[in-house]
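Student: Attaching a single structure in structure tokens format; questions to follow.
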Amino acid sequence: MRSLPTILLILSFPAGAIAYIVAGRIIAGLPLDEGLRDFLVLLAPLFVAGLVMLPFLIPFFDRKAKADLAEHRRTMESTDAHADVPTDADEG
């Protein structure tokens, strides 16, 4: 399935939003000091949402990286092929 990484990319956003909301509610319900709870409610849900989104994003970026690597190899091969051709300036 060529479109599976794109579908997973699209699904990563709702998964991250759900994880953010759930983590925020769990941390807000913990019996912590007010300052520590406020700090954790700001940062921890973002961290959890990022962790949940990561498996969805990896296939998309992997596909893009493989395409870029293939293009780079084609460019290097064409550059090498042009460098191997002798020119009139090289002969004399």
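Simple scheme: letters A, B, ... for chains in structure tokens order, numbers from 1 for residues in each chain, numbers from 1 for ligands in the order shown.
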Counting only C-alpha atoms, which residues of segment 23-44 of chain A sit at most 12 Å from some atom of segment 49-59 of chain A, and what is each one's closest atom pair with its distance in Å to one decimal, listed by chain and rising residue number, as CSV?

Tutor:
```
residue,atom,partner,partner_atom,distance
A:Ala23,CA,A:Ala49,CA,8.1
A:Gly24,CA,A:Ala49,CA,10.0
A:Leu43,CA,A:Ala49,CA,10.2
A:Ala44,CA,A:Ala49,CA,8.6
```

Student: Take the residues from that selection and put them in a file with N, CA and C atoms, as a CSV table (one decimal), in the first residue's frame.

Tutor:
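File produced: selection18.csv:
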```csv
chain,number,residue,atom,x,y,z
A,23,ALA,N,-3.7,12.7,28.8
A,23,ALA,CA,-2.6,12.9,29.7
A,23,ALA,C,-2.8,14.2,30.5
A,24,GLY,N,-3.4,15.2,30.0
A,24,GLY,CA,-3.7,16.4,30.7
A,24,GLY,C,-4.7,16.2,31.8
A,43,LEU,N,3.7,20.7,30.3
A,43,LEU,CA,4.7,20.0,29.5
A,43,LEU,C,4.5,18.6,29.3
A,44,ALA,N,4.0,17.8,30.3
A,44,ALA,CA,3.9,16.4,30.1
A,44,ALA,C,2.9,16.0,29.1
```

Student: Given only C-alpha atoms as the basis, pick out the residue of A:Arg25, A:Thr6, A:Leu11, A:Ser78 nearest to Arg37 of chain A.

Tutor: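 Selected residue with least distance to Arg37 of chain A: A:Arg25.
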
Student: Please list as number ranges by chain every residue within 10 Å of segment 61-69 of chain A, counting only C-alpha atoms and excluding residues in the same chain fewer than 5 positions away.

Tutor: A: 2, 5-6, 9, 56, 74-75

Student: By how many Å are atom CA of Ala19 of chain A and atom CA of Ile7 of chain A apart?

Tutor: 18.4 Å
